[in-house]
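These notes are about the structure you will find just below.
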Protein chains: 2
Amino acid sequence: MKPEASAPSDASPRPTLAAVAARAGVSVSTASLVFSGAGPVATATRERVLAAASELDYGGPDPTARSLRRGRSGVVAVVTEDRLVDAFRDPMNLAFLDGVAQAFGDERAGLLVIPLAAEPETDLAASPMDAAILLGCGLDLTASVDALRRRRIPIVAVEADALEGVIAIDLDNRDASRRGAELLRDLGHRDVAVVTLALDVARIRGVLTPEREAASTSATARQRLAGLREVYPDAGGWSASGSTSGDGYAVGMELLNVPEHRRPTAIVAQSDLLALGVLRAAEELGLQVPGELSILGFDGVRLEDTAPHVLTTLVQPAVEKGEAAAAAVFAALAGEQPTPVLLTCTLRIGTTTGPAPR
Amino acid sequence: MKPEASAPSDASPRPTLAAVAARAGVSVSTASLVFSGAGPVATATRERVLAAASELDYGGPDPTARSLRRGRSGVVAVVTEDRLVDAFRDPMNLAFLDGVAQAFGDERAGLLVIPLAAEPETDLAASPMDAAILLGCGLDLTASVDALRRRRIPIVAVEADALEGVIAIDLDNRDASRRGAELLRDLGHRDVAVVTLALDVARIRGVLTPEREAASTSATARQRLAGLREVYPDAGGWSASGSTSGDGYAVGMELLNVPEHRRPTAIVAQSDLLALGVLRAAEELGLQVPGELSILGFDGVRLEDTAPHVLTTLVQPAVEKGEAAAAAVFAALAGEQPTPVLLTCTLRIGTTTGPAPR
DNA sequence: CCTAAAAGTCGAATCGATTCGATCGAATCG
DNA sequence: CGATTCGATCGAATCGATTCGACTTTTAGG
């Protein structure tokens with residue numbers, strides 16, 4: 001006789017609904033009714049089934065089998081950038097996610113986080129999901145969207161370029177940036193430099209050139225830049241490699257540690273964290289803010305770290321953005337035709353902007 | 001005749017493998033082999049199937065059906081605290097998550113994030129998952145663990161109290177804290193106060209009392225406190241409501257803004273963010289660090305914000321913690337018996353600790 | 001007391017794949 | 001040249017539930 005098959009140590013295989021039904025002396029269908037709650041079951045029967053379940057230590061219907069039959073897995077995917085740290089270090093993405101989770105509350109859906117890898121198709125095609133939310137990727141999304149479209153599931157894209165069959169949740173990035181720029185113009189600033197978000201997945205920190213701008217795959221960066229350009233068509237600047245204060249500091253040093261006549265009187269940062277870094281650089285260089293340098297941010301993060309300054313910034317409704325995305329998902333899953341959403345930012349004037357010097 | 005059924009606008013139902021097979025003139029089994037890659041298929045046949053798939057815009061096998069048959073969903077759940085912002089604002093959790101995602105890399109698993117709600121059983125029983133990682137919850141986990149155990153899936157708990165059948169990934173919180181305390185003792189400090197992490201889900205900021213300590217459900221907070229108490233059995237302090245610099249600042253003010261003879265000469269914070277807040281409070285009160293006050297942190301977050309200070313702290317291997325958790329999951333799924341892991345922290349001496357005054 | 005409706009239960013089909021074993025022709029080997 | 005193996009393909013069972021329609025038993029209504 002062969003030696004016993006090398007059974008793993010777990011001696012208890014997962015019991016099935018059939019086992020529970022058998023033990024309770026009812027049919028599988030009746031047992032199913034007890035757990036799904038759809039259909040009338042006599043109290044005595046229900047208790048018998050539940051007792052059997054508890055005796056077998058049955059934990060409820062297998063989610064996989066249930067999903068197959070129901071055609072719903074109860075999972076919504078959130079597709080983010082390559083590395084999770086990058087994606088979640090940004091407070092805006094975090095707030096967004098919180099908005100999504102909050103809106104899920106009643107509907108009981110799980111959040112599947114998928115960091116976009118080299119070949120997105122594989123991951124996106126293989127994971128169970130009822131819908132997908134594409135979140136602030138600097139990536140080119142067409143490949144991912146194609147993979148998802150083949151699955152015939154609702155796709156929601158946040159601040160991305162418009163794509164056929166994709167529900168858009170957008171921010172008035174361009175308009176808001178223009179309003180911010182107008183504030184600076186009205187304060188008399190003529191020499192304005194910009195610090196942009198990462199332009200693409202390469203995340204290269206460097207001087208902005210027309211070529212690099214044109215090649216940018218980050219819709220958010222481009223839109224905000226376009227708004228600025230409506231007021232300051234020739235503004236130069238740098239692109240950051242990520243939305244962190246460290247990056248802002250580094251770029252701030254590049255822009256500010258120069259002869260005075262070449263120094264901008266205002267810096268427009270495409271995020272608050274970048275603005276914070278610029279503020280630090282200015283402090284370190286002994287520049288008065290806003291006396292010698294005005295700084296404008298974007299996002300409206302609550303930053304305690306800027307004290308005693310209050311950042312002038314464009315406050316975006318990040319949590320609402322998440323809620324809108326979740327609402328769109330549920331609408332689409334309910335068979336409705338969800339309408340695209342455009343959220344607006346509000347200009348909050350703090351203490352980091354003032355009249356241009358001289 | 002009745003009006004047409006209210007069919008949703010989507011005219012294209014998802015094609016099935018059977019449809020593809022039919023169009024390619026092969027059996028379903030052969031078509032399956034083409035996609036799963038298990039088994040020999042003639043090149044000509046393979047191409048015919050792929051062509052049919054592409055004509056039907058077939059996106060590959062349905063993950064749900066595949067999961068049911070295979071018995072694996074390819075999803076690993078990460079169970080976190082109630083609110084995602086709370087969970088992910090902590091840089092340690094983020095680093096942990098990144099470690100997990102990184103270790104997944106090859107194995108291609110999805111990360112299902114489940115914020116623990118009021119009745120955990122429902123969510124945990126209903127979502128598809130092959131394994132679960134319980135992450136730094138201040139919560140009592142027994143209910144969740146029971147629900148998961150019934151599913152017969154591997155359970156990994158990070159820095160939690162030992163539970164039967166749960167793979168533990170632990171940190172030497174107690175020992176490391178003791179070593180930190182010894183440093184302070186050797187520097188001559190006698191009056192030491194502690195700022196703890198949130199003690200439980202209630203997250204109440206307030207003075208530490210024996211009752212509150214005893215009732216704490218946060219293993220991490222308790223372990224670190226125990227280590228401190230080995231050296232300073234009577235140290236008093238406050239509990240924070242969360243690991244943020246804002247909380248640290250608030251508690252720091254309570255502890256430091258008092259008559260000098262009642263002021264501690266050293267503060268032990270249970271996280272670097274708390275320590276940062278304490279540092280801010282000290283600066284605002286005009287206290288010399290480390291001349292008049294020494295500050296000890298925990299975590300080893302790279303904080304640019306403490307400049308020009310470098311925080312003395314216990315550096316924990318957070319990314320490795322994530323990798324260890326992922327490794328344990330895969331080992332368990334492979335049928336092996338994963339061994340519990342105990343990671344150690346290293347004391348990094350910075351500029352925020354010095355000899356006790358006088 | 002009889003009939004119609006409601007409640008309770010069950011058998012069987014179904015969701016969309018994977019996979020085992022069988023089949024059959026072609027290639028390999030002694 | 002017969003026996004054996006290998007490659008390619010297919011039919012059918014299976015994964016674990018849900019759900020529709022049919023059937024039986026109560027209950028309610030007149």
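Residue numbering restarts at 1 in every chain; chains get A, B, ... in the order shown in the structure tokens, and ligands count up from 1 in that same order.
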>> Show me, as number ranges by chain, every residue of chain B with an atom at most 9 Å from chain C, counting only C-alpha atoms (C1' of nucleotides).
In response: B: 16-18, 29, 32-33, 36, 61-70
Put those residues in a file: N, CA and C atoms, as a compact mmCIF listing (two decimals), in the first residue's frame.
# COMPACT_ATOMS: atom_id res chain seq x y z
N THR B 16 -18.63 33.99 -23.54
CA THR B 16 -18.07 32.94 -22.69
C THR B 16 -17.05 32.12 -23.48
N LEU B 17 -16.34 31.33 -22.74
CA LEU B 17 -15.36 30.46 -23.37
C LEU B 17 -16.06 29.53 -24.36
N ALA B 18 -17.26 29.12 -24.02
CA ALA B 18 -18.02 28.23 -24.90
C ALA B 18 -18.28 28.90 -26.24
N SER B 29 -12.98 22.40 -23.83
CA SER B 29 -11.77 22.00 -23.10
C SER B 29 -10.52 22.47 -23.82
N SER B 32 -10.10 26.10 -23.38
CA SER B 32 -9.60 26.37 -22.03
C SER B 32 -8.09 26.20 -21.97
N LEU B 33 -7.61 25.14 -22.62
CA LEU B 33 -6.17 24.88 -22.60
C LEU B 33 -5.40 26.05 -23.21
N SER B 36 -5.41 28.73 -20.36
CA SER B 36 -4.74 28.40 -19.10
C SER B 36 -3.31 27.95 -19.34
N PRO B 61 -10.78 34.17 -19.53
CA PRO B 61 -11.71 33.43 -18.67
C PRO B 61 -12.23 34.29 -17.52
N ASP B 62 -13.45 34.11 -17.20
CA ASP B 62 -14.08 34.80 -16.09
C ASP B 62 -13.37 34.45 -14.79
N PRO B 63 -12.85 35.45 -14.10
CA PRO B 63 -12.09 35.18 -12.87
C PRO B 63 -12.93 34.47 -11.82
N THR B 64 -14.20 34.80 -11.77
CA THR B 64 -15.05 34.18 -10.76
C THR B 64 -15.19 32.68 -11.00
N ALA B 65 -15.45 32.32 -12.24
CA ALA B 65 -15.61 30.90 -12.56
C ALA B 65 -14.29 30.17 -12.36
N ARG B 66 -13.25 30.81 -12.82
CA ARG B 66 -11.94 30.20 -12.65
C ARG B 66 -11.63 29.98 -11.18
N SER B 67 -11.95 30.97 -10.37
CA SER B 67 -11.68 30.85 -8.94
C SER B 67 -12.45 29.69 -8.34
N LEU B 68 -13.69 29.58 -8.71
CA LEU B 68 -14.51 28.50 -8.15
C LEU B 68 -13.88 27.15 -8.46
N ARG B 69 -13.53 26.98 -9.72
CA ARG B 69 -12.98 25.68 -10.12
C ARG B 69 -11.63 25.43 -9.46
N ARG B 70 -10.80 26.46 -9.50
CA ARG B 70 -9.44 26.28 -9.00
C ARG B 70 -9.35 26.26 -7.48
> Using only C-alpha atoms (C1' of nucleotides), which chain D residues lie at most 12 Å away from chain B, written as an MDAnalysis selection string?
Replying inline: chainID D and resid 6:17
>> Taking 6 positions as the minimum chain separation for residues in the same chain, which residues sit within 8 Å of region 228-243 of chain B when counting only C-alpha atoms (C1' of nucleotides)? Answer as a VMD selection string.
In response: chain B and resid 86 90 174 177 to 178 180 to 182 185 191 to 199 203 to 208 251 255 271 273 to 274
For the selection just defined, write its residues with C-alpha atoms to a file, as a PDB file, in the first residue's frame.
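Contents of part35.pdb, as written:
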ATOM      1  CA  ASP B  86      -6.500  56.523   9.896  1.00  0.00           C
ATOM      2  CA  ASP B  90       0.454  56.044   9.453  1.00  0.00           C
ATOM      3  CA  ARG B 174       8.795  45.504  24.474  1.00  0.00           C
ATOM      4  CA  SER B 177      11.254  50.081  24.224  1.00  0.00           C
ATOM      5  CA  ARG B 178      13.248  48.856  27.156  1.00  0.00           C
ATOM      6  CA  GLY B 180      15.292  53.036  24.530  1.00  0.00           C
ATOM      7  CA  ALA B 181      14.412  53.582  28.164  1.00  0.00           C
ATOM      8  CA  GLU B 182      17.810  52.302  29.221  1.00  0.00           C
ATOM      9  CA  ARG B 185      18.311  56.069  32.242  1.00  0.00           C
ATOM     10  CA  ASP B 191      11.422  62.056  35.364  1.00  0.00           C
ATOM     11  CA  VAL B 192      10.155  60.472  32.201  1.00  0.00           C
ATOM     12  CA  ALA B 193       6.703  60.794  30.667  1.00  0.00           C
ATOM     13  CA  VAL B 194       5.234  58.696  27.896  1.00  0.00           C
ATOM     14  CA  VAL B 195       2.934  59.487  25.002  1.00  0.00           C
ATOM     15  CA  THR B 196       1.224  56.310  23.893  1.00  0.00           C
ATOM     16  CA  LEU B 197      -0.540  55.363  20.708  1.00  0.00           C
ATOM     17  CA  ALA B 198      -4.301  55.123  20.816  1.00  0.00           C
ATOM     18  CA  LEU B 199      -5.200  52.563  23.461  1.00  0.00           C
ATOM     19  CA  ARG B 203      -9.115  56.632  20.601  1.00  0.00           C
ATOM     20  CA  ILE B 204      -9.504  58.861  23.574  1.00  0.00           C
ATOM     21  CA  ARG B 205      -6.755  61.334  24.272  1.00  0.00           C
ATOM     22  CA  GLY B 206      -6.169  61.615  27.989  1.00  0.00           C
ATOM     23  CA  VAL B 207      -4.104  60.973  31.059  1.00  0.00           C
ATOM     24  CA  LEU B 208      -2.870  57.428  31.458  1.00  0.00           C
ATOM     25  CA  VAL B 251      -0.222  66.005  24.343  1.00  0.00           C
ATOM     26  CA  LEU B 255       2.963  67.517  29.552  1.00  0.00           C
ATOM     27  CA  SER B 271       5.710  56.853  17.377  1.00  0.00           C
ATOM     28  CA  LEU B 273       4.918  61.403  14.423  1.00  0.00           C
ATOM     29  CA  LEU B 274       3.951  61.817  18.045  1.00  0.00           C
TER      30      LEU B 274
END
>> as number ranges by chain, please: every residue in region 92-244 of chain B that a backbone DSSP assignment puts in strand (DSSP E).
In response: B: 110-115, 131-134, 155-158, 167-171, 192-196, 206-207, 236-239
>> as an NGL selection string, please: the residues near Phe88 (chain A) (cut-off 9 Å, only C-alpha atoms (C1' of nucleotides), same-chain neighbours under 5 positions excluded).
In response: (:A and (80 or 83 or 93-94)) or (:B and (88-89 or 94))
Serialized selection, C-alpha atoms, as a compact mmCIF listing (two decimals), in the first residue's frame:
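Contents of the output file again.txt:
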# COMPACT_ATOMS: atom_id res chain seq x y z
CA THR A 80 -3.40 53.06 -8.84
CA ARG A 83 4.02 51.66 -6.21
CA ASN A 93 -5.54 59.96 -3.03
CA LEU A 94 -6.01 58.92 0.53
CA PHE B 88 -2.97 54.71 5.85
CA ARG B 89 -1.96 57.99 7.34
CA LEU B 94 1.98 52.30 4.31
>> Could you tell me which residues of chain A sit within 6 Å of chain B when counting only C-alpha atoms, and give me the result as a VMD selection string?
In response: chain A and resid 8 59 63 to 65 68 84 98 111 to 113 126 to 128 150 to 151 335
Mind listing the alpha helix (DSSP H) residues of region 96-238 of chain A, per DSSP on the backbone, as a PDB file with C-alpha atoms, in the first residue's frame?
ATOM      1  CA  PHE A  96     -10.328  60.042  -2.266  1.00  0.00           C
ATOM      2  CA  LEU A  97     -10.112  56.470  -1.112  1.00  0.00           C
ATOM      3  CA  ASP A  98     -11.756  57.383   2.108  1.00  0.00           C
ATOM      4  CA  GLY A  99     -14.577  58.985   0.186  1.00  0.00           C
ATOM      5  CA  VAL A 100     -15.024  55.811  -1.810  1.00  0.00           C
ATOM      6  CA  ALA A 101     -14.971  53.595   1.251  1.00  0.00           C
ATOM      7  CA  GLN A 102     -17.412  55.868   2.992  1.00  0.00           C
ATOM      8  CA  ALA A 103     -19.834  55.805   0.093  1.00  0.00           C
ATOM      9  CA  PHE A 104     -19.588  52.030   0.037  1.00  0.00           C
ATOM     10  CA  PRO A 120      -1.606  45.778 -16.849  1.00  0.00           C
ATOM     11  CA  GLU A 121      -3.758  43.480 -18.955  1.00  0.00           C
ATOM     12  CA  THR A 122      -2.907  40.388 -16.947  1.00  0.00           C
ATOM     13  CA  ASP A 123      -3.800  41.760 -13.550  1.00  0.00           C
ATOM     14  CA  LEU A 124      -6.863  43.592 -14.689  1.00  0.00           C
ATOM     15  CA  ALA A 125      -8.256  40.624 -16.538  1.00  0.00           C
ATOM     16  CA  ALA A 126      -7.599  38.081 -13.828  1.00  0.00           C
ATOM     17  CA  THR A 142      -5.652  53.043 -23.013  1.00  0.00           C
ATOM     18  CA  ALA A 143      -4.237  49.559 -22.578  1.00  0.00           C
ATOM     19  CA  SER A 144      -5.786  49.192 -19.154  1.00  0.00           C
ATOM     20  CA  VAL A 145      -9.101  50.541 -20.302  1.00  0.00           C
ATOM     21  CA  ASP A 146      -9.158  48.136 -23.213  1.00  0.00           C
ATOM     22  CA  ALA A 147      -8.549  45.205 -20.916  1.00  0.00           C
ATOM     23  CA  LEU A 148     -11.347  46.344 -18.651  1.00  0.00           C
ATOM     24  CA  ARG A 149     -13.732  47.078 -21.485  1.00  0.00           C
ATOM     25  CA  ASN A 173      -8.026  71.790 -12.825  1.00  0.00           C
ATOM     26  CA  ARG A 174      -7.539  74.163 -15.702  1.00  0.00           C
ATOM     27  CA  ASP A 175     -10.064  76.731 -14.627  1.00  0.00           C
ATOM     28  CA  ALA A 176      -8.954  76.633 -11.008  1.00  0.00           C
ATOM     29  CA  SER A 177      -5.323  77.053 -11.969  1.00  0.00           C
ATOM     30  CA  ARG A 178      -6.255  80.014 -14.121  1.00  0.00           C
ATOM     31  CA  ARG A 179      -8.045  81.621 -11.201  1.00  0.00           C
ATOM     32  CA  GLY A 180      -4.998  81.093  -9.055  1.00  0.00           C
ATOM     33  CA  ALA A 181      -2.794  82.642 -11.712  1.00  0.00           C
ATOM     34  CA  GLU A 182      -5.152  85.602 -11.994  1.00  0.00           C
ATOM     35  CA  LEU A 183      -4.723  86.239  -8.308  1.00  0.00           C
ATOM     36  CA  LEU A 184      -0.977  86.451  -8.800  1.00  0.00           C
ATOM     37  CA  ARG A 185      -1.368  88.660 -11.834  1.00  0.00           C
ATOM     38  CA  ASP A 186      -3.648  91.000  -9.916  1.00  0.00           C
ATOM     39  CA  PRO A 210       8.026  72.162 -24.532  1.00  0.00           C
ATOM     40  CA  GLU A 211       8.983  68.649 -25.546  1.00  0.00           C
ATOM     41  CA  ARG A 212       8.582  67.241 -22.084  1.00  0.00           C
ATOM     42  CA  GLU A 213       5.274  69.048 -21.642  1.00  0.00           C
ATOM     43  CA  ALA A 214       3.949  67.701 -24.890  1.00  0.00           C
ATOM     44  CA  ALA A 219      -3.738  64.730 -17.403  1.00  0.00           C
ATOM     45  CA  THR A 220      -3.747  66.548 -14.090  1.00  0.00           C
ATOM     46  CA  ALA A 221      -0.332  68.093 -14.610  1.00  0.00           C
ATOM     47  CA  ARG A 222      -1.203  69.177 -18.118  1.00  0.00           C
ATOM     48  CA  GLN A 223      -4.547  70.663 -17.196  1.00  0.00           C
ATOM     49  CA  ARG A 224      -3.147  72.670 -14.335  1.00  0.00           C
ATOM     50  CA  LEU A 225      -0.319  73.847 -16.507  1.00  0.00           C
ATOM     51  CA  ALA A 226      -2.741  74.901 -19.214  1.00  0.00           C
ATOM     52  CA  GLY A 227      -4.689  77.011 -16.738  1.00  0.00           C
ATOM     53  CA  LEU A 228      -1.543  78.773 -15.651  1.00  0.00           C
ATOM     54  CA  ARG A 229      -0.550  79.381 -19.241  1.00  0.00           C
ATOM     55  CA  GLU A 230      -3.774  81.222 -19.908  1.00  0.00           C
ATOM     56  CA  VAL A 231      -2.405  83.967 -17.711  1.00  0.00           C
TER      57      VAL A 231
END
>> Report, in Å with one decimal, the straight-line distance from CA of Asp172 (chain B) to CA of Thr344 (chain B).
In response: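 Rounded to one decimal, the two atoms are 5.2 Å apart.
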